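Asker: You'll find start.pdb just under this line, and it carries PDB, C-alpha atoms.
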```pdb
ATOM      1  CA  MET M 777      79.591  98.533  85.904
ATOM      2  CA  SER M 778      83.304  97.819  85.417
ATOM      3  CA  ASP M 779      85.466  96.160  88.056
ATOM      4  CA  LEU M 780      88.142  98.689  87.128
ATOM      5  CA  ASN M 781      86.224 101.461  88.899
ATOM      6  CA  PRO M 782      85.424 100.143  92.360
ATOM      7  CA  LEU M 783      83.684 102.326  94.896
ATOM      8  CA  PRO M 784      86.128 104.570  96.760
ATOM      9  CA  HIS M 785      87.640 103.176  99.921
ATOM     10  CA  THR M 786      87.030 104.974 103.160
ATOM     11  CA  VAL M 787      89.494 107.701 104.019
ATOM     12  CA  LYS M 788      92.414 106.514 106.133
ATOM     13  CA  ARG M 789      95.784 107.861 107.196
ATOM     14  CA  ASP M 790      99.039 106.479 105.883
ATOM     15  CA  PRO M 791     101.425 104.418 108.071
ATOM     16  CA  MET M 792     103.146 107.609 109.269
ATOM     17  CA  ASN M 793      99.771 109.200 110.081
ATOM     18  CA  ASN M 794     100.515 111.859 107.468
ATOM     19  CA  PRO M 795      98.178 113.298 104.836
ATOM     20  CA  VAL M 796      94.862 111.600 104.405
ATOM     21  CA  VAL M 797      94.884 108.884 101.769
ATOM     22  CA  THR M 798      92.364 106.545 100.233
ATOM     23  CA  GLY M 799      92.693 102.841  99.648
ATOM     24  CA  PRO M 800      93.229  99.692 101.634
ATOM     25  CA  SER M 801      94.359  99.790 105.238
ATOM     26  CA  SER M 802      98.051 100.093 106.035
ATOM     27  CA  GLU M 803      98.248  96.365 106.721
ATOM     28  CA  GLU M 804      96.721  95.612 103.323
ATOM     29  CA  PHE M 805      99.149  98.088 101.758
ATOM     30  CA  LEU M 806     102.098  96.211 103.257
ATOM     31  CA  GLN M 807     100.678  92.920 101.988
ATOM     32  CA  LEU M 808     100.342  94.333  98.456
ATOM     33  CA  ALA M 809     104.115  94.674  98.260
ATOM     34  CA  GLN M 810     104.567  90.975  98.903
ATOM     35  CA  ALA M 811     101.815  89.669  96.624
ATOM     36  CA  PRO M 812     102.933  88.021  93.390
ATOM     37  CA  ALA M 813     102.974  90.355  90.391
ATOM     38  CA  ASP M 814     103.216  88.866  86.917
ATOM     39  CA  VAL M 815     105.753  90.943  84.969
ATOM     40  CA  SER M 816     104.146  89.837  81.707
ATOM     41  CA  ASP M 817     101.228  92.106  82.620
ATOM     42  CA  TYR M 818     103.649  95.036  82.226
ATOM     43  CA  ALA M 819     105.335  94.064  78.954
ATOM     44  CA  GLY M 820     107.519  96.742  77.425
ATOM     45  CA  THR M 821     108.031  98.684  80.650
ATOM     46  CA  PHE M 822     111.238  99.259  82.558
ATOM     47  CA  TYR M 823     109.530  97.426  85.440
ATOM     48  CA  GLU M 824     109.352  94.300  83.290
ATOM     49  CA  GLN M 825     112.835  94.757  81.790
ATOM     50  CA  VAL M 826     114.607  94.781  85.152
ATOM     51  CA  GLY M 827     112.659  91.852  86.606
ATOM     52  CA  GLY M 828     109.597  93.351  88.266
ATOM     53  CA  ARG M 829     108.594  93.271  91.907
ATOM     54  CA  ALA M 830     111.530  91.202  93.138
ATOM     55  CA  VAL M 831     114.054  93.768  91.889
ATOM     56  CA  PHE M 832     112.264  96.796  93.335
ATOM     57  CA  ALA M 833     111.673  94.962  96.631
ATOM     58  CA  GLN M 834     115.393  94.160  96.833
ATOM     59  CA  LEU M 835     116.406  97.694  95.877
ATOM     60  CA  SER M 836     114.219  99.132  98.638
ATOM     61  CA  LYS M 837     115.463  96.556 101.138
ATOM     62  CA  ASN M 838     119.107  97.293 100.235
ATOM     63  CA  PHE M 839     118.533 101.040 100.528
ATOM     64  CA  TYR M 840     116.911 100.924 103.960
ATOM     65  CA  ALA M 841     119.484  98.435 105.267
ATOM     66  CA  SER M 842     122.159 100.955 104.304
ATOM     67  CA  VAL M 843     120.240 103.827 105.925
ATOM     68  CA  ALA M 844     119.781 101.772 109.104
ATOM     69  CA  ASP M 845     123.566 101.359 109.355
ATOM     70  CA  ASP M 846     124.150 105.126 109.132
ATOM     71  CA  ALA M 847     123.329 106.395 112.639
ATOM     72  CA  GLU M 848     123.566 110.083 111.747
ATOM     73  CA  PHE M 849     121.443 109.896 108.591
ATOM     74  CA  ARG M 850     119.006 107.454 110.200
ATOM     75  CA  GLU M 851     117.914 110.271 112.513
ATOM     76  CA  MET M 852     116.100 111.870 109.556
ATOM     77  CA  TYR M 853     113.610 108.995 109.540
ATOM     78  CA  PRO M 854     110.923 109.426 112.221
ATOM     79  CA  GLU M 855     109.743 105.818 112.196
ATOM     80  CA  LYS M 856     111.382 103.365 114.579
ATOM     81  CA  ASP M 857     110.679 100.574 112.099
ATOM     82  CA  LEU M 858     111.884 101.349 108.573
ATOM     83  CA  PHE M 859     109.875  98.508 107.020
ATOM     84  CA  PRO M 860     106.797 100.641 106.210
ATOM     85  CA  ALA M 861     109.048 103.217 104.509
ATOM     86  CA  GLN M 862     110.735 100.390 102.605
ATOM     87  CA  ILE M 863     107.357  99.200 101.334
ATOM     88  CA  ARG M 864     106.256 102.711 100.360
ATOM     89  CA  LEU M 865     109.459 103.167  98.363
ATOM     90  CA  GLN M 866     109.082  99.778  96.706
ATOM     91  CA  LEU M 867     105.492 100.354  95.630
ATOM     92  CA  PHE M 868     106.222 103.904  94.487
ATOM     93  CA  LEU M 869     109.122 102.703  92.334
ATOM     94  CA  GLU M 870     107.114  99.818  90.907
ATOM     95  CA  GLN M 871     104.414 102.245  89.822
ATOM     96  CA  TYR M 872     106.840 104.874  88.532
ATOM     97  CA  TRP M 873     108.595 102.327  86.327
ATOM     98  CA  GLY M 874     105.396 100.945  84.807
ATOM     99  CA  GLY M 875     104.347  98.235  87.253
ATOM    100  CA  PRO M 876     101.310  97.858  89.516
ATOM    101  CA  THR M 877      99.574 101.058  90.625
ATOM    102  CA  SER M 878      99.152  99.940  94.235
ATOM    103  CA  TYR M 879     100.977 103.017  95.522
ATOM    104  CA  SER M 880      98.500 105.554  94.139
ATOM    105  CA  GLU M 881      95.524 103.338  94.887
ATOM    106  CA  HIS M 882      96.458 103.571  98.565
ATOM    107  CA  ARG M 883      98.215 106.901  98.959
ATOM    108  CA  GLY M 884      96.930 108.979  96.077
ATOM    109  CA  HIS M 885      99.237 111.037  93.874
ATOM    110  CA  PRO M 886     102.894 110.598  94.910
ATOM    111  CA  ARG M 887     103.405 114.356  95.557
ATOM    112  CA  LEU M 888     107.105 113.840  96.246
ATOM    113  CA  ARG M 889     107.905 117.475  97.035
ATOM    114  CA  MET M 890     105.008 117.777  99.478
ATOM    115  CA  ARG M 891     105.812 114.474 101.196
ATOM    116  CA  HIS M 892     109.474 115.455 101.637
ATOM    117  CA  MET M 893     108.885 119.062 102.696
ATOM    118  CA  PRO M 894     108.905 118.253 106.454
ATOM    119  CA  TYR M 895     112.473 116.926 106.142
ATOM    120  CA  LEU M 896     115.675 118.899 105.733
ATOM    121  CA  VAL M 897     116.761 118.127 102.178
ATOM    122  CA  ASN M 898     119.923 120.149 101.775
ATOM    123  CA  PRO M 899     122.837 119.329  99.462
ATOM    124  CA  HIS M 900     124.595 117.282 102.159
ATOM    125  CA  ASN M 901     121.531 115.150 102.979
ATOM    126  CA  ARG M 902     120.739 114.783  99.289
ATOM    127  CA  ASP M 903     124.250 113.480  98.635
ATOM    128  CA  VAL M 904     124.138 111.080 101.604
ATOM    129  CA  TRP M 905     120.754 109.799 100.404
ATOM    130  CA  LEU M 906     122.123 109.341  96.887
ATOM    131  CA  GLY M 907     125.130 107.488  98.296
ATOM    132  CA  HIS M 908     122.832 105.004 100.031
ATOM    133  CA  MET M 909     120.715 104.610  96.909
ATOM    134  CA  ASN M 910     123.729 104.113  94.646
ATOM    135  CA  LYS M 911     125.048 101.471  97.035
ATOM    136  CA  ALA M 912     121.645  99.739  96.905
ATOM    137  CA  ILE M 913     121.695  99.829  93.093
ATOM    138  CA  ASP M 914     125.242  98.405  93.028
ATOM    139  CA  GLN M 915     124.116  95.472  95.173
ATOM    140  CA  LEU M 916     121.526  94.509  92.546
ATOM    141  CA  GLU M 917     124.219  93.843  89.933
ATOM    142  CA  LEU M 918     121.910  94.969  87.132
ATOM    143  CA  PRO M 919     123.079  95.399  83.542
ATOM    144  CA  MET M 920     124.866  98.762  83.266
ATOM    145  CA  LEU M 921     122.117 100.417  81.193
ATOM    146  CA  HIS M 922     119.450  99.529  83.775
ATOM    147  CA  ALA M 923     121.621 100.619  86.698
ATOM    148  CA  GLU M 924     122.437 103.927  85.021
ATOM    149  CA  THR M 925     118.781 104.519  84.176
ATOM    150  CA  LEU M 926     117.948 104.165  87.877
ATOM    151  CA  ARG M 927     120.873 106.374  88.934
ATOM    152  CA  ASP M 928     119.825 109.107  86.504
ATOM    153  CA  TYR M 929     116.263 109.090  87.826
ATOM    154  CA  PHE M 930     117.314 109.171  91.475
ATOM    155  CA  ASP M 931     119.842 111.931  90.848
ATOM    156  CA  ARG M 932     117.222 114.131  89.156
ATOM    157  CA  ALA M 933     114.587 113.332  91.799
ATOM    158  CA  ALA M 934     116.948 114.048  94.690
ATOM    159  CA  HIS M 935     117.960 117.379  93.199
ATOM    160  CA  SER M 936     114.315 118.335  92.678
ATOM    161  CA  LEU M 937     113.535 117.732  96.361
ATOM    162  CA  LEU M 938     116.066 120.237  97.724
ATOM    163  CA  ASN M 939     114.310 122.519 100.184
ATOM    164  CA  ALA M 940     117.296 124.072 101.973
ATOM    165  CA  SER M 941     120.659 125.401 100.866
ATOM    166  CA  SER M 942     122.610 124.272 103.911
TER     167      SER M 942
END
```
How does this structure look as structure tokens?

Answerer:
Amino acid sequence: MSDLNPLPHTVKRDPMNNPVVTGPSSEEFLQLAQAPADVSDYAGTFYEQVGGRAVFAQLSKNFYASVADDAEFREMYPEKDLFPAQIRLQLFLEQYWGGPTSYSEHRGHPRLRMRHMPYLVNPHNRDVWLGHMNKAIDQLELPMLHAETLRDYFDRAAHSLLNASS
């Protein structure tokens, strides 16, 4: 039997006690984001090109630091501690861009629209969110092509998550 197909983990709830997920406990999930990840294991991916885990960890940290400083927008986030959300974003982005699959191993399919449905994503909130994300990208000082690749993705994703017109 292959080590690549371990027995399923017991069913648990994510750090926000939202939809049932499978995988390691929430504490283990948080630790996954801080474990070393060898970018050479992901050769040829955008994840490797931009610098791997350290870059996505910093992007997520920059984003949530900006959100934390925006009292009005911060109200959209139900958690008192933004660190778990920061880790979820980091691991999602790592996986999306070709890195470790820790996100899906813990939370299942990303299901972005479903996960964002409880929140008011109108054009104003979308634009505020994009402003925070663009600021976070700027702080990374990536080569222009990499920064613009990220901006393009986030712009398309944010537009796809609209669930209200005002």

Asker: Fewer than 6 positions away in the same chain doesn't count, so skip those; otherwise give me all residues within 10 Å of segment 892-907 of chain M, counting only C-alpha atoms, as a ChimeraX atom specification.

Answerer: /M:839,842-843,846,849,852-854,913,927,930-931,933-942

Asker: In Å, rounded to a single decimal, give me how far atom CA of Leu926 of chain M is from atom CA of Asn910 of chain M.

Answerer: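 Rounded to one decimal, the two atoms are 8.9 Å apart.
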
Asker: Which polymer residues, whether protein, DNA or RNA, lie within 12 Å of the coordinate (123.1, 97.7, 100.7) when you count all atoms listed in the file? List them as a list in words, using the chain letters and numbers from the file.

Answerer: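 Here is the list of nearby residues: Gln834, Leu835, Ser836, Lys837, Asn838, Phe839, Tyr840, Ala841, Ser842, Val843, Ala844, Asp845, Asp846, Gly907, His908, Met909, Asn910, Lys911, Ala912, Ile913, Asp914, Gln915, Leu916 and Glu917 of chain M.
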
Asker: Assuming 3 Å of padding per side, give the centre and edge lengths of the axis-aligned box around every listed atom of segment 815-822 of chain M, in Å to one decimal and as lines of an AutoDock Vina configuration file.

Answerer:
```
center_x = 106.2
center_y = 94.5
center_z = 81.2
size_x = 16.0
size_y = 15.4
size_z = 13.5
```

Asker: For each of M:Arg932, M:Met890, M:Met920, M:Leu865, take the minimum atom-to-atom distance to Phe832 of chain M, counting only C-alpha atoms, then give the residue where this is smallest.

Answerer: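 For Phe832 of chain M, the nearest of the candidates is M:Leu865.
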
Asker: May I have the protein, DNA and RNA residues with an atom at most 12 Å from (108.0, 110.3, 83.2), counting all atoms listed in the file in the file's coordinates, returned as an NGL selection string?

Answerer: :M and (821-822 or 869 or 871-874 or 929 or 932-933)

Asker: List the neighbours of segment 814-817 of chain M out to 8 Å using all atoms listed in the file; skip same-chain residues closer than 2 positions along the sequence, and give me the result as a list in words.

Answerer: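 Residues meeting the cut-off are Pro812, Ala819, Tyr823, Glu824, Gly827, Gly828, Arg829 and Gly875 of chain M.
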
Asker: Using Å and a single decimal, report how far atom CA of Arg891 of chain M sits from atom CA of Asp857 of chain M.

Answerer: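 One can read the atom CA of Asp857 of chain M to atom CA of Arg891 of chain M distance as 18.3 Å.
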
Asker: Atom CA of Ala833 of chain M to atom CA of Pro919 of chain M: how many Å, to one decimal?

Answerer: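 Atom CA of Ala833 of chain M sits 17.4 Å away from atom CA of Pro919 of chain M.
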
Asker: Of the candidates M:Ala830, M:Leu888, M:Leu858, M:Leu918, which shows the shortest atom-to-atom distance to Gln810 of chain M, using all atoms listed in the file?

Answerer: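 Using all atoms listed in the file, Gln810 of chain M sits closest to M:Ala830.
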
Asker: Neighbours of Thr877 of chain M within 9 Å (only C-alpha atoms; same-chain residues fewer than 6 positions away dropped), as a list in words?

Answerer: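 In the requested format, the answer is Leu867, Phe868, Glu870 and Gln871 of chain M.
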
Asker: Here is a test: counting all atoms listed in the file, which residue of M:His882, M:Arg850, M:Lys856, M:His922 is nearest to Glu804 of chain M?

Answerer: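 Nearest candidate to Glu804 of chain M out of M:His882, M:Arg850, M:Lys856, M:His922: M:His882.
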
Asker: Could you pull segment 910-925 of chain M out of the structure just shown and give all heavy atoms as an mmCIF file, in the first residue's frame?

Answerer:
```cif
data_model
loop_
_atom_site.group_PDB
_atom_site.id
_atom_site.type_symbol
_atom_site.label_atom_id
_atom_site.label_comp_id
_atom_site.auth_asym_id
_atom_site.auth_seq_id
_atom_site.Cartn_x
_atom_site.Cartn_y
_atom_site.Cartn_z
ATOM 1 N N ASN M 910 -3.596 44.443 -2.794
ATOM 2 C CA ASN M 910 -2.600 45.119 -3.630
ATOM 3 C C ASN M 910 -1.514 45.769 -2.783
ATOM 4 O O ASN M 910 -0.334 45.748 -3.151
ATOM 5 C CB ASN M 910 -3.272 46.123 -4.557
ATOM 6 C CG ASN M 910 -3.972 45.438 -5.707
ATOM 7 O OD1 ASN M 910 -3.507 44.436 -6.234
ATOM 8 N ND2 ASN M 910 -5.121 45.970 -6.095
ATOM 9 N N LYS M 911 -1.892 46.319 -1.653
ATOM 10 C CA LYS M 911 -0.905 46.878 -0.721
ATOM 11 C C LYS M 911 0.035 45.769 -0.236
ATOM 12 O O LYS M 911 1.257 45.958 -0.171
ATOM 13 C CB LYS M 911 -1.626 47.527 0.468
ATOM 14 C CG LYS M 911 -0.713 48.088 1.524
ATOM 15 C CD LYS M 911 -1.538 48.706 2.662
ATOM 16 C CE LYS M 911 -0.655 49.129 3.809
ATOM 17 N NZ LYS M 911 -1.479 49.653 4.927
ATOM 18 N N ALA M 912 -0.528 44.621 0.091
ATOM 19 C CA ALA M 912 0.283 43.481 0.563
ATOM 20 C C ALA M 912 1.246 43.013 -0.524
ATOM 21 O O ALA M 912 2.406 42.686 -0.241
ATOM 22 C CB ALA M 912 -0.640 42.335 1.000
ATOM 23 N N ILE M 913 0.786 42.992 -1.763
ATOM 24 C CA ILE M 913 1.645 42.603 -2.889
ATOM 25 C C ILE M 913 2.767 43.626 -3.061
ATOM 26 O O ILE M 913 3.934 43.257 -3.239
ATOM 27 C CB ILE M 913 0.822 42.449 -4.189
ATOM 28 C CG1 ILE M 913 -0.130 41.252 -4.072
ATOM 29 C CG2 ILE M 913 1.748 42.287 -5.397
ATOM 30 C CD1 ILE M 913 -1.176 41.185 -5.174
ATOM 31 N N ASP M 914 2.423 44.916 -2.998
ATOM 32 C CA ASP M 914 3.442 45.970 -3.122
ATOM 33 C C ASP M 914 4.554 45.792 -2.096
ATOM 34 O O ASP M 914 5.734 45.993 -2.397
ATOM 35 C CB ASP M 914 2.823 47.355 -2.937
ATOM 36 C CG ASP M 914 1.937 47.776 -4.094
ATOM 37 O OD1 ASP M 914 2.031 47.171 -5.193
ATOM 38 O OD2 ASP M 914 1.135 48.715 -3.897
ATOM 39 N N GLN M 915 4.192 45.425 -0.885
ATOM 40 C CA GLN M 915 5.173 45.287 0.197
ATOM 41 C C GLN M 915 6.159 44.147 -0.053
ATOM 42 O O GLN M 915 7.243 44.131 0.524
ATOM 43 C CB GLN M 915 4.458 45.087 1.538
ATOM 44 C CG GLN M 915 3.721 46.328 1.981
ATOM 45 C CD GLN M 915 2.810 46.066 3.168
ATOM 46 O OE1 GLN M 915 2.303 44.955 3.366
ATOM 47 N NE2 GLN M 915 2.582 47.099 3.965
ATOM 48 N N LEU M 916 5.799 43.214 -0.923
ATOM 49 C CA LEU M 916 6.706 42.099 -1.227
ATOM 50 C C LEU M 916 7.855 42.512 -2.138
ATOM 51 O O LEU M 916 8.888 41.845 -2.170
ATOM 52 C CB LEU M 916 5.936 40.949 -1.883
ATOM 53 C CG LEU M 916 4.916 40.224 -1.040
ATOM 54 C CD1 LEU M 916 4.177 39.190 -1.888
ATOM 55 C CD2 LEU M 916 5.561 39.573 0.171
ATOM 56 N N GLU M 917 7.648 43.573 -2.909
ATOM 57 C CA GLU M 917 8.657 44.046 -3.859
ATOM 58 C C GLU M 917 9.106 42.936 -4.813
ATOM 59 O O GLU M 917 10.296 42.720 -5.051
ATOM 60 C CB GLU M 917 9.848 44.667 -3.124
ATOM 61 C CG GLU M 917 9.459 45.872 -2.296
ATOM 62 C CD GLU M 917 10.622 46.511 -1.562
ATOM 63 O OE1 GLU M 917 11.760 46.002 -1.646
ATOM 64 O OE2 GLU M 917 10.381 47.533 -0.903
ATOM 65 N N LEU M 918 8.119 42.233 -5.361
ATOM 66 C CA LEU M 918 8.377 41.169 -6.327
ATOM 67 C C LEU M 918 8.714 41.772 -7.686
ATOM 68 O O LEU M 918 8.362 42.923 -7.967
ATOM 69 C CB LEU M 918 7.121 40.299 -6.493
ATOM 70 C CG LEU M 918 6.695 39.457 -5.310
ATOM 71 C CD1 LEU M 918 5.318 38.847 -5.585
ATOM 72 C CD2 LEU M 918 7.717 38.383 -5.009
ATOM 73 N N PRO M 919 9.342 40.988 -8.562
ATOM 74 C CA PRO M 919 9.492 41.443 -9.950
ATOM 75 C C PRO M 919 8.102 41.759 -10.520
ATOM 76 O O PRO M 919 7.106 41.118 -10.163
ATOM 77 C CB PRO M 919 10.118 40.239 -10.662
ATOM 78 C CG PRO M 919 10.821 39.490 -9.575
ATOM 79 C CD PRO M 919 9.975 39.676 -8.342
ATOM 80 N N MET M 920 8.034 42.754 -11.405
ATOM 81 C CA MET M 920 6.748 43.238 -11.906
ATOM 82 C C MET M 920 5.881 42.119 -12.479
ATOM 83 O O MET M 920 4.675 42.077 -12.225
ATOM 84 C CB MET M 920 6.952 44.331 -12.952
ATOM 85 C CG MET M 920 5.635 44.955 -13.374
ATOM 86 S SD MET M 920 5.733 46.446 -14.372
ATOM 87 C CE MET M 920 6.866 46.015 -15.651
ATOM 88 N N LEU M 921 6.448 41.202 -13.251
ATOM 89 C CA LEU M 921 5.651 40.133 -13.843
ATOM 90 C C LEU M 921 4.989 39.271 -12.762
ATOM 91 O O LEU M 921 3.807 38.932 -12.873
ATOM 92 C CB LEU M 921 6.501 39.254 -14.767
ATOM 93 C CG LEU M 921 5.765 38.084 -15.421
ATOM 94 C CD1 LEU M 921 4.600 38.585 -16.279
ATOM 95 C CD2 LEU M 921 6.711 37.248 -16.246
ATOM 96 N N HIS M 922 5.715 38.953 -11.709
ATOM 97 C CA HIS M 922 5.140 38.144 -10.626
ATOM 98 C C HIS M 922 4.054 38.919 -9.887
ATOM 99 O O HIS M 922 2.982 38.371 -9.578
ATOM 100 C CB HIS M 922 6.226 37.689 -9.660
ATOM 101 C CG HIS M 922 7.176 36.716 -10.266
ATOM 102 N ND1 HIS M 922 8.479 36.606 -9.845
ATOM 103 C CD2 HIS M 922 7.034 35.813 -11.261
ATOM 104 C CE1 HIS M 922 9.093 35.684 -10.553
ATOM 105 N NE2 HIS M 922 8.232 35.183 -11.418
ATOM 106 N N ALA M 923 4.323 40.181 -9.597
ATOM 107 C CA ALA M 923 3.324 41.002 -8.901
ATOM 108 C C ALA M 923 2.053 41.130 -9.734
ATOM 109 O O ALA M 923 0.939 40.995 -9.209
ATOM 110 C CB ALA M 923 3.905 42.373 -8.585
ATOM 111 N N GLU M 924 2.203 41.358 -11.022
ATOM 112 C CA GLU M 924 1.032 41.513 -11.885
ATOM 113 C C GLU M 924 0.281 40.198 -12.070
ATOM 114 O O GLU M 924 -0.944 40.196 -12.218
ATOM 115 C CB GLU M 924 1.429 42.120 -13.238
ATOM 116 C CG GLU M 924 1.866 43.577 -13.132
ATOM 117 C CD GLU M 924 0.854 44.469 -12.419
ATOM 118 O OE1 GLU M 924 -0.355 44.403 -12.758
ATOM 119 O OE2 GLU M 924 1.258 45.222 -11.523
ATOM 120 N N THR M 925 0.983 39.095 -12.046
ATOM 121 C CA THR M 925 0.326 37.787 -12.112
ATOM 122 C C THR M 925 -0.571 37.596 -10.893
ATOM 123 O O THR M 925 -1.718 37.151 -11.007
ATOM 124 C CB THR M 925 1.368 36.658 -12.209
ATOM 125 O OG1 THR M 925 2.129 36.841 -13.410
ATOM 126 C CG2 THR M 925 0.716 35.281 -12.219
#
```
